[in-house]
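Note sheet for the following structure.
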Amino acid sequence: MPSQSDFNQPEESNFAPVLAHWYEHHKRDLPWRHTRDPYRIWLSEIILQQTRVAQGMPYYKRFVEAYPTVAHMAAADERDVLRLWQGLGYYSRARNLHQTAKLVVNEHAGLFPGTYHKLLTLKGIGTYTAAAIASFAFGERVAVVDGNVYRVLARVFGIEDDITTTSAKKRFAALASRLIAHADDPATFNQAIMEFGAIQCTPTSPDCLLCPLQQPCVAYQTGRQQVLPVKAKKAAVRERFFHYFVFRNGNRLALRERTNRDIWQNLYDFALVETDEPKTGFRQLELSEKLQKLVLYSTQTAAPTEATQLLSHQRIRATFYEFVVPDRLTDDLFDGLSWFSVDQVAALPKPLLIVNYLKTHLEK
């Protein structure tokens, strides 16, 4: 197989014009591309860090409808923001979203800073998001570098550096900065390279046959599309075993807010016992005295059910045990549990695991 040295390096000056021409004919019609409002651009970028466009679009529309301006977002209750974010995961980003909105309103007179470096001072806004806002909203010539950009540049220019390393990130950022210098419009360049990575130079099965960069692409010429970009293996997934006790009393459910520094902070779930290994039933668990009393004098109403949720580096394997609590024990809740009506539960921010359980087992 030919090596990279057998081919000429792509011309950096040609990259931006070719990409802009491709983008003009292939770009998707997305709502945040029809505005220069930094609030809506910021909102779309934060949401799309979590998910693909098709899944993120409904969230974007719901947020814009609920909070049409940064002032509306700042005035919202954090619980409502988390509830609207429900299902996207990485809830710390939703909290940062709310905190940043308040910061913009309270310390910047409701106006987003107009430069890349000033945007970086806002909570939850990193180099990628700052570059996106600065170029899309303010026309600043600063390059975005995300997963799509890493993939396109690694393949076209044959870069074999591990993209998880600091040195590689600096190299890719420097290359992107040189390339955007040849662009007529920095916003178009940034949109184009991300779009190109999303729908043309995809992670698997890239459309190399109809690619306008096929000729100079080092990965194509050397048959390394599936090798580049180079990325270190992910950390091992941690297995966690959650045993949920779902206590009901009439039309009420007992839930508690997760206040510790763990997954799903400030979201609501049921009474929980966590173990390091799977158990075949709640009788194998070590229960606190208060939990044991509530279980002992309540009535189990359904067979245990199981569910799994995969997070970035964790796999949650949950078992749910449902009990009806007699009226005489309704004041014996513990560990932050409180009674909520079904309507109140619906309004609480909850992990997707809990949302799915409620839909399939309690909303019949």
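To be explicit about the labels: the chains of the structure tokens are called A, B, and onward in the order shown, and within each one the residues are counted from 1, while ligands get numbers from 1 in the order they are shown.
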Fewer than 3 positions away in the same chain doesn't count, so skip those; otherwise give me all residues within 12 Å of segment 202-216 of chain A, counting only C-alpha atoms, as a compact mmCIF listing (two decimals) with N, CA, C and O atoms, in the first residue's frame.
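out_0.txt written:
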# COMPACT_ATOMS: atom_id res chain seq x y z
N GLN A 4 2.02 7.74 2.94
CA GLN A 4 1.66 9.14 2.84
C GLN A 4 2.71 9.94 2.07
O GLN A 4 2.39 10.87 1.35
N PHE A 7 2.42 10.89 -1.73
CA PHE A 7 1.42 11.82 -2.24
C PHE A 7 1.78 13.24 -1.81
O PHE A 7 2.39 13.47 -0.77
N ASN A 8 1.36 14.20 -2.62
CA ASN A 8 1.57 15.60 -2.29
C ASN A 8 0.58 16.02 -1.19
O ASN A 8 -0.56 15.55 -1.16
N GLN A 9 1.05 16.87 -0.31
CA GLN A 9 0.16 17.40 0.71
C GLN A 9 -0.90 18.29 0.05
O GLN A 9 -0.62 18.98 -0.93
N PRO A 10 -2.13 18.27 0.56
CA PRO A 10 -3.17 19.13 -0.01
C PRO A 10 -2.79 20.60 0.10
O PRO A 10 -2.10 21.02 1.04
N GLU A 11 -3.24 21.39 -0.86
CA GLU A 11 -3.00 22.83 -0.83
C GLU A 11 -3.95 23.47 0.18
O GLU A 11 -5.17 23.40 0.02
N GLU A 12 -3.39 24.08 1.21
CA GLU A 12 -4.23 24.69 2.24
C GLU A 12 -5.08 25.82 1.67
O GLU A 12 -6.22 26.02 2.10
N ASN A 14 -6.58 26.00 -1.11
CA ASN A 14 -7.71 25.52 -1.90
C ASN A 14 -8.83 24.95 -1.04
O ASN A 14 -9.96 24.76 -1.50
N PHE A 15 -8.53 24.64 0.20
CA PHE A 15 -9.45 23.91 1.05
C PHE A 15 -10.75 24.70 1.29
O PHE A 15 -11.86 24.18 1.07
N ALA A 16 -10.64 25.93 1.73
CA ALA A 16 -11.83 26.73 2.07
C ALA A 16 -12.74 26.97 0.87
O ALA A 16 -13.96 26.81 0.98
N PRO A 17 -12.22 27.37 -0.30
CA PRO A 17 -13.11 27.58 -1.45
C PRO A 17 -13.85 26.32 -1.88
O PRO A 17 -15.04 26.38 -2.21
N VAL A 18 -13.16 25.17 -1.87
CA VAL A 18 -13.82 23.92 -2.25
C VAL A 18 -14.93 23.59 -1.26
O VAL A 18 -16.05 23.19 -1.64
N LEU A 19 -14.65 23.77 0.02
CA LEU A 19 -15.62 23.47 1.06
C LEU A 19 -16.83 24.40 0.97
O LEU A 19 -17.98 23.96 1.12
N ALA A 20 -16.60 25.68 0.70
CA ALA A 20 -17.69 26.65 0.59
C ALA A 20 -18.61 26.31 -0.58
O ALA A 20 -19.84 26.43 -0.47
N HIS A 21 -18.04 25.88 -1.69
CA HIS A 21 -18.84 25.49 -2.85
C HIS A 21 -19.69 24.26 -2.53
O HIS A 21 -20.88 24.20 -2.89
N TRP A 22 -19.09 23.29 -1.86
CA TRP A 22 -19.84 22.10 -1.46
C TRP A 22 -20.99 22.48 -0.52
O TRP A 22 -22.13 22.00 -0.68
N TYR A 23 -20.72 23.34 0.43
CA TYR A 23 -21.70 23.74 1.44
C TYR A 23 -22.90 24.44 0.80
O TYR A 23 -24.05 24.20 1.18
N HIS A 25 -24.31 23.87 -1.89
CA HIS A 25 -25.19 22.94 -2.57
C HIS A 25 -25.73 21.81 -1.66
O HIS A 25 -26.64 21.10 -2.05
N HIS A 26 -25.15 21.65 -0.48
CA HIS A 26 -25.52 20.51 0.35
C HIS A 26 -25.98 20.85 1.77
O HIS A 26 -26.40 19.96 2.51
N GLY A 147 -15.51 17.36 16.89
CA GLY A 147 -15.25 16.01 16.39
C GLY A 147 -15.31 15.91 14.89
O GLY A 147 -14.49 15.21 14.26
N ASN A 148 -16.26 16.60 14.27
CA ASN A 148 -16.35 16.59 12.82
C ASN A 148 -15.11 17.19 12.18
O ASN A 148 -14.61 16.70 11.16
N VAL A 149 -14.64 18.29 12.76
CA VAL A 149 -13.47 18.98 12.21
C VAL A 149 -12.22 18.11 12.36
O VAL A 149 -11.41 18.00 11.41
N TYR A 150 -12.04 17.50 13.52
CA TYR A 150 -10.91 16.58 13.70
C TYR A 150 -10.90 15.51 12.61
O TYR A 150 -9.86 15.21 12.02
N ARG A 151 -12.07 14.93 12.35
CA ARG A 151 -12.15 13.84 11.39
C ARG A 151 -11.80 14.31 9.98
O ARG A 151 -11.03 13.66 9.26
N VAL A 152 -12.37 15.42 9.56
CA VAL A 152 -12.12 15.94 8.21
C VAL A 152 -10.65 16.28 8.03
O VAL A 152 -10.01 15.88 7.05
N LEU A 153 -10.09 17.00 8.97
CA LEU A 153 -8.69 17.44 8.84
C LEU A 153 -7.73 16.26 8.93
O LEU A 153 -6.74 16.20 8.19
N ALA A 154 -8.01 15.32 9.84
CA ALA A 154 -7.13 14.16 9.99
C ALA A 154 -7.09 13.36 8.69
O ALA A 154 -6.02 12.91 8.26
N ARG A 155 -8.24 13.19 8.05
CA ARG A 155 -8.29 12.40 6.82
C ARG A 155 -7.70 13.14 5.64
O ARG A 155 -6.87 12.60 4.90
N VAL A 156 -8.12 14.37 5.45
CA VAL A 156 -7.66 15.11 4.27
C VAL A 156 -6.15 15.35 4.33
O VAL A 156 -5.45 15.18 3.33
N PHE A 157 -5.64 15.71 5.50
CA PHE A 157 -4.23 16.06 5.62
C PHE A 157 -3.38 14.92 6.17
O PHE A 157 -2.17 15.09 6.38
N GLY A 158 -3.99 13.77 6.43
CA GLY A 158 -3.22 12.61 6.87
C GLY A 158 -2.56 12.77 8.22
O GLY A 158 -1.44 12.29 8.44
N ILE A 193 -17.36 23.19 7.30
CA ILE A 193 -16.49 22.08 7.68
C ILE A 193 -17.21 21.15 8.67
O ILE A 193 -17.05 19.92 8.60
N MET A 194 -18.05 21.71 9.55
CA MET A 194 -18.81 20.86 10.46
C MET A 194 -19.88 20.07 9.70
O MET A 194 -20.11 18.89 9.97
N GLU A 195 -20.54 20.74 8.75
CA GLU A 195 -21.55 20.06 7.95
C GLU A 195 -20.94 18.97 7.08
O GLU A 195 -21.51 17.89 6.91
N PHE A 196 -19.77 19.26 6.55
CA PHE A 196 -19.06 18.29 5.72
C PHE A 196 -18.74 17.02 6.53
O PHE A 196 -18.90 15.90 6.04
N GLY A 197 -18.30 17.20 7.76
CA GLY A 197 -18.01 16.06 8.62
C GLY A 197 -19.26 15.31 9.05
O GLY A 197 -19.23 14.11 9.27
N ALA A 198 -20.38 16.03 9.13
CA ALA A 198 -21.63 15.41 9.61
C ALA A 198 -22.31 14.58 8.54
O ALA A 198 -22.91 13.54 8.84
N ILE A 199 -22.24 15.02 7.26
CA ILE A 199 -23.02 14.31 6.24
C ILE A 199 -22.21 13.78 5.07
O ILE A 199 -22.74 12.99 4.28
N ALA A 219 -6.11 10.28 3.38
CA ALA A 219 -6.74 9.06 3.85
C ALA A 219 -7.32 8.25 2.69
O ALA A 219 -7.19 7.03 2.64
N TYR A 220 -7.95 8.93 1.74
CA TYR A 220 -8.52 8.22 0.59
C TYR A 220 -7.41 7.60 -0.27
O TYR A 220 -7.50 6.45 -0.69
N GLN A 221 -6.37 8.38 -0.50
CA GLN A 221 -5.30 7.91 -1.37
C GLN A 221 -4.52 6.75 -0.76
O GLN A 221 -3.94 5.93 -1.48
N THR A 222 -4.53 6.66 0.56
CA THR A 222 -3.79 5.58 1.25
C THR A 222 -4.71 4.54 1.86
O THR A 222 -4.24 3.63 2.56
N GLY A 223 -6.03 4.66 1.64
CA GLY A 223 -6.98 3.68 2.16
C GLY A 223 -7.09 3.66 3.66
O GLY A 223 -7.30 2.60 4.26
N ARG A 224 -7.00 4.84 4.31
CA ARG A 224 -7.01 4.88 5.78
C ARG A 224 -8.21 5.65 6.33
O ARG A 224 -8.15 6.21 7.43
N GLN A 225 -9.31 5.65 5.60
CA GLN A 225 -10.49 6.37 6.08
C GLN A 225 -10.97 5.84 7.43
O GLN A 225 -11.46 6.60 8.27
N GLN A 226 -10.86 4.52 7.64
CA GLN A 226 -11.35 3.93 8.89
C GLN A 226 -10.32 4.01 10.02
O GLN A 226 -10.63 3.68 11.17
N VAL A 227 -9.11 4.45 9.69
CA VAL A 227 -8.04 4.55 10.69
C VAL A 227 -7.97 5.96 11.27
O VAL A 227 -7.68 6.14 12.46
N LEU A 228 -8.23 6.94 10.44
CA LEU A 228 -8.14 8.34 10.86
C LEU A 228 -9.53 8.90 11.15
O LEU A 228 -10.49 8.58 10.45
N PRO A 229 -9.66 9.72 12.16
CA PRO A 229 -8.62 10.19 13.07
C PRO A 229 -8.25 9.14 14.11
O PRO A 229 -9.05 8.27 14.45
N VAL A 230 -7.04 9.26 14.65
CA VAL A 230 -6.56 8.37 15.69
C VAL A 230 -7.09 8.88 17.04
O VAL A 230 -6.96 10.06 17.36
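Shell of Gln50 of chain A at 10 Å, with only C-alpha atoms counted and residues fewer than 2 places along the chain excluded, is Glu45, Ile46, Ile47, Leu48, Arg52, Val53, Gln55, Gly56, Gly87, Leu88, Gly89, Tyr90 and Arg93 of chain A.
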* Asked: Smallest atom-to-atom distance to Pro351 of chain A: which of A:Ala181, A:Val70, A:Ala134, A:Leu310, using only C-alpha atoms?
  -> A:Leu310
Write out as an mmCIF file with C-alpha atoms, in the first residue's frame the residues lying within 10 Å of Val342 of chain A, counting only C-alpha atoms and excluding same-chain residues fewer than 6 positions away.
data_model
loop_
_atom_site.group_PDB
_atom_site.id
_atom_site.type_symbol
_atom_site.label_atom_id
_atom_site.label_comp_id
_atom_site.auth_asym_id
_atom_site.auth_seq_id
_atom_site.Cartn_x
_atom_site.Cartn_y
_atom_site.Cartn_z
ATOM 1 C CA GLY A 250 -53.092 6.797 46.769
ATOM 2 C CA ASN A 251 -52.287 9.274 44.001
ATOM 3 C CA ARG A 252 -48.902 10.144 45.485
ATOM 4 C CA LEU A 253 -45.338 8.947 44.938
ATOM 5 C CA LEU A 358 -43.101 6.051 35.049
ATOM 6 C CA LEU A 362 -47.270 3.858 36.494
ATOM 7 C CA GLU A 363 -48.976 5.842 33.734
#
* Close residues, Glu274 of chain A itself excluded, 9 Å, only C-alpha atoms, min 3 positions apart in chain, as a list in words ->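 The contact residues come out as Arg240, Phe241, Phe242, His243, Tyr244, Glu277 and Leu285 of chain A.
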* Between atom CA of Tyr321 of chain A and atom CA of Phe245 of chain A, what is the spacing in Å? ->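 Separation between atom CA of Phe245 of chain A and atom CA of Tyr321 of chain A: 5.0 Å.
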* Please report, as number ranges by chain, each residue of segment 92-333 of chain A to which DSSP assigns strand (DSSP E or B) when run on this structure's backbone. => A: 162, 230, 238-249, 252-257, 268-269, 271-275, 299-300, 305-310, 314-324
* To do: Name the residues of segment 71-277 of chain A that come out as helix (DSSP H, G or I) in a backbone DSSP run; write them as a count of residues only.
  => 91
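Among A:Asp162, A:Phe63, A:Tyr357, A:Gln49, the residue with the shortest atom-to-atom distance to Thr308 of chain A, counting only C-alpha atoms, is A:Tyr357.
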* To do: Extract, using only C-alpha atoms, all DNA, RNA and protein residues at most 12 Å from Lys123 of chain A, discarding same-chain residues fewer than 5 positions from it, and format them as a list of chain:residue names.
  =>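 Once the nearby chain positions are removed, what remains is A:Ser92, A:Arg93, A:Ala94, A:Arg95, A:Asn96, A:Leu97, A:His98, A:Gln99, A:Thr100, A:Ala101, A:Lys102, A:Leu103, A:Val104, A:Lys118, A:Thr129, A:Ala130.
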Could you write out the selected residues, including all heavy atoms, as a CSV table (one decimal), in the first residue's frame?
chain,number,residue,atom,x,y,z
A,92,SER,N,-25.2,18.8,34.0
A,92,SER,CA,-24.4,19.9,34.4
A,92,SER,C,-24.4,21.0,33.4
A,92,SER,O,-24.3,22.2,33.7
A,92,SER,CB,-23.0,19.5,34.7
A,92,SER,OG,-22.4,19.0,33.6
A,93,ARG,N,-24.5,20.6,32.1
A,93,ARG,CA,-24.6,21.6,31.0
A,93,ARG,C,-25.9,22.4,31.0
A,93,ARG,O,-25.9,23.6,30.7
A,93,ARG,CB,-24.4,20.9,29.7
A,93,ARG,CG,-23.0,20.4,29.5
A,93,ARG,CD,-22.8,19.7,28.2
A,93,ARG,NE,-21.4,19.3,28.1
A,93,ARG,CZ,-20.9,18.4,27.2
A,93,ARG,NH1,-21.7,18.0,26.2
A,93,ARG,NH2,-19.6,18.1,27.1
A,94,ALA,N,-27.0,21.8,31.4
A,94,ALA,CA,-28.2,22.5,31.6
A,94,ALA,C,-28.1,23.5,32.7
A,94,ALA,O,-28.6,24.7,32.6
A,94,ALA,CB,-29.4,21.6,31.8
A,95,ARG,N,-27.5,23.1,33.8
A,95,ARG,CA,-27.3,24.1,34.9
A,95,ARG,C,-26.4,25.2,34.5
A,95,ARG,O,-26.6,26.4,34.9
A,95,ARG,CB,-26.7,23.3,36.2
A,95,ARG,CG,-27.7,22.4,36.8
A,95,ARG,CD,-27.2,21.8,38.1
A,95,ARG,NE,-26.2,20.8,37.9
A,95,ARG,CZ,-26.5,19.5,37.7
A,95,ARG,NH1,-27.8,19.1,37.8
A,95,ARG,NH2,-25.6,18.6,37.5
A,96,ASN,N,-25.3,24.9,33.8
A,96,ASN,CA,-24.4,25.9,33.3
A,96,ASN,C,-25.2,26.9,32.3
A,96,ASN,O,-24.9,28.1,32.3
A,96,ASN,CB,-23.2,25.3,32.5
A,96,ASN,CG,-22.2,24.8,33.5
A,96,ASN,OD1,-22.2,25.1,34.7
A,96,ASN,ND2,-21.3,23.9,33.0
A,97,LEU,N,-26.1,26.3,31.5
A,97,LEU,CA,-26.9,27.1,30.6
A,97,LEU,C,-27.7,28.2,31.4
A,97,LEU,O,-27.6,29.4,31.0
A,97,LEU,CB,-27.9,26.2,29.9
A,97,LEU,CG,-28.6,26.6,28.6
A,97,LEU,CD1,-27.7,26.7,27.4
A,97,LEU,CD2,-29.8,25.7,28.3
A,98,HIS,N,-28.3,27.7,32.4
A,98,HIS,CA,-29.1,28.7,33.3
A,98,HIS,C,-28.2,29.7,33.9
A,98,HIS,O,-28.5,30.9,34.0
A,98,HIS,CB,-29.8,27.9,34.3
A,98,HIS,CG,-30.8,28.7,35.1
A,98,HIS,ND1,-31.0,28.6,36.4
A,98,HIS,CD2,-31.7,29.6,34.7
A,98,HIS,CE1,-31.9,29.4,36.9
A,98,HIS,NE2,-32.4,30.1,35.8
A,99,GLN,N,-27.0,29.3,34.5
A,99,GLN,CA,-26.1,30.2,35.2
A,99,GLN,C,-25.5,31.2,34.2
A,99,GLN,O,-25.4,32.4,34.5
A,99,GLN,CB,-25.0,29.4,35.9
A,99,GLN,CG,-25.5,28.5,37.1
A,99,GLN,CD,-26.1,29.4,38.1
A,99,GLN,OE1,-25.6,30.4,38.5
A,99,GLN,NE2,-27.3,28.9,38.6
A,100,THR,N,-25.2,30.7,33.0
A,100,THR,CA,-24.6,31.7,32.0
A,100,THR,C,-25.7,32.7,31.6
A,100,THR,O,-25.3,33.9,31.4
A,100,THR,CB,-24.2,30.9,30.8
A,100,THR,OG1,-23.1,30.0,31.2
A,100,THR,CG2,-23.6,31.8,29.7
A,101,ALA,N,-26.9,32.3,31.4
A,101,ALA,CA,-28.0,33.3,31.1
A,101,ALA,C,-28.1,34.3,32.2
A,101,ALA,O,-28.2,35.5,31.8
A,101,ALA,CB,-29.3,32.5,30.9
A,102,LYS,N,-28.0,33.9,33.4
A,102,LYS,CA,-28.1,34.9,34.5
A,102,LYS,C,-26.9,35.8,34.5
A,102,LYS,O,-27.0,37.0,34.8
A,102,LYS,CB,-28.3,34.2,35.8
A,102,LYS,CG,-29.6,33.5,36.0
A,102,LYS,CD,-29.9,33.1,37.4
A,102,LYS,CE,-29.0,32.0,38.0
A,102,LYS,NZ,-29.5,31.6,39.3
A,103,LEU,N,-25.7,35.3,34.2
A,103,LEU,CA,-24.5,36.1,34.2
A,103,LEU,C,-24.6,37.1,33.1
A,103,LEU,O,-24.2,38.3,33.2
A,103,LEU,CB,-23.3,35.2,34.0
A,103,LEU,CG,-21.9,35.8,34.0
A,103,LEU,CD1,-21.7,36.3,35.4
A,103,LEU,CD2,-20.9,34.8,33.6
A,104,VAL,N,-25.1,36.7,31.9
A,104,VAL,CA,-25.2,37.6,30.8
A,104,VAL,C,-26.1,38.8,31.1
A,104,VAL,O,-25.9,39.9,30.8
A,104,VAL,CB,-25.7,36.9,29.5
A,104,VAL,CG1,-26.1,37.9,28.4
A,104,VAL,CG2,-24.6,35.9,29.0
A,118,LYS,N,-13.6,37.1,25.1
A,118,LYS,CA,-14.5,37.5,26.2
A,118,LYS,C,-15.6,36.5,26.4
A,118,LYS,O,-16.1,36.2,27.5
A,118,LYS,CB,-15.2,38.9,25.8
A,118,LYS,CG,-14.2,40.0,26.0
A,118,LYS,CD,-14.9,41.4,25.6
A,118,LYS,CE,-13.9,42.5,25.8
A,118,LYS,NZ,-14.5,43.8,25.4
A,129,THR,N,-17.4,26.3,21.6
A,129,THR,CA,-18.7,27.1,21.7
A,129,THR,C,-18.3,28.6,21.5
A,129,THR,O,-19.1,29.3,20.8
A,129,THR,CB,-19.4,26.9,23.0
A,129,THR,OG1,-19.6,25.5,23.2
A,129,THR,CG2,-20.7,27.6,23.0
A,130,ALA,N,-17.3,29.1,22.1
A,130,ALA,CA,-16.9,30.5,21.9
A,130,ALA,C,-16.6,30.8,20.5
A,130,ALA,O,-17.0,31.9,19.9
A,130,ALA,CB,-15.7,30.8,22.8
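For the set A:Leu120, A:Gln309, A:Ala54, A:Leu353, the residue with the smallest atom-to-atom gap to Arg28 of chain A is A:Ala54, counting only C-alpha atoms.
Here atom CA of Phe282 of chain A is placed at a distance of 19.5 Å from atom CA of Arg256 of chain A.
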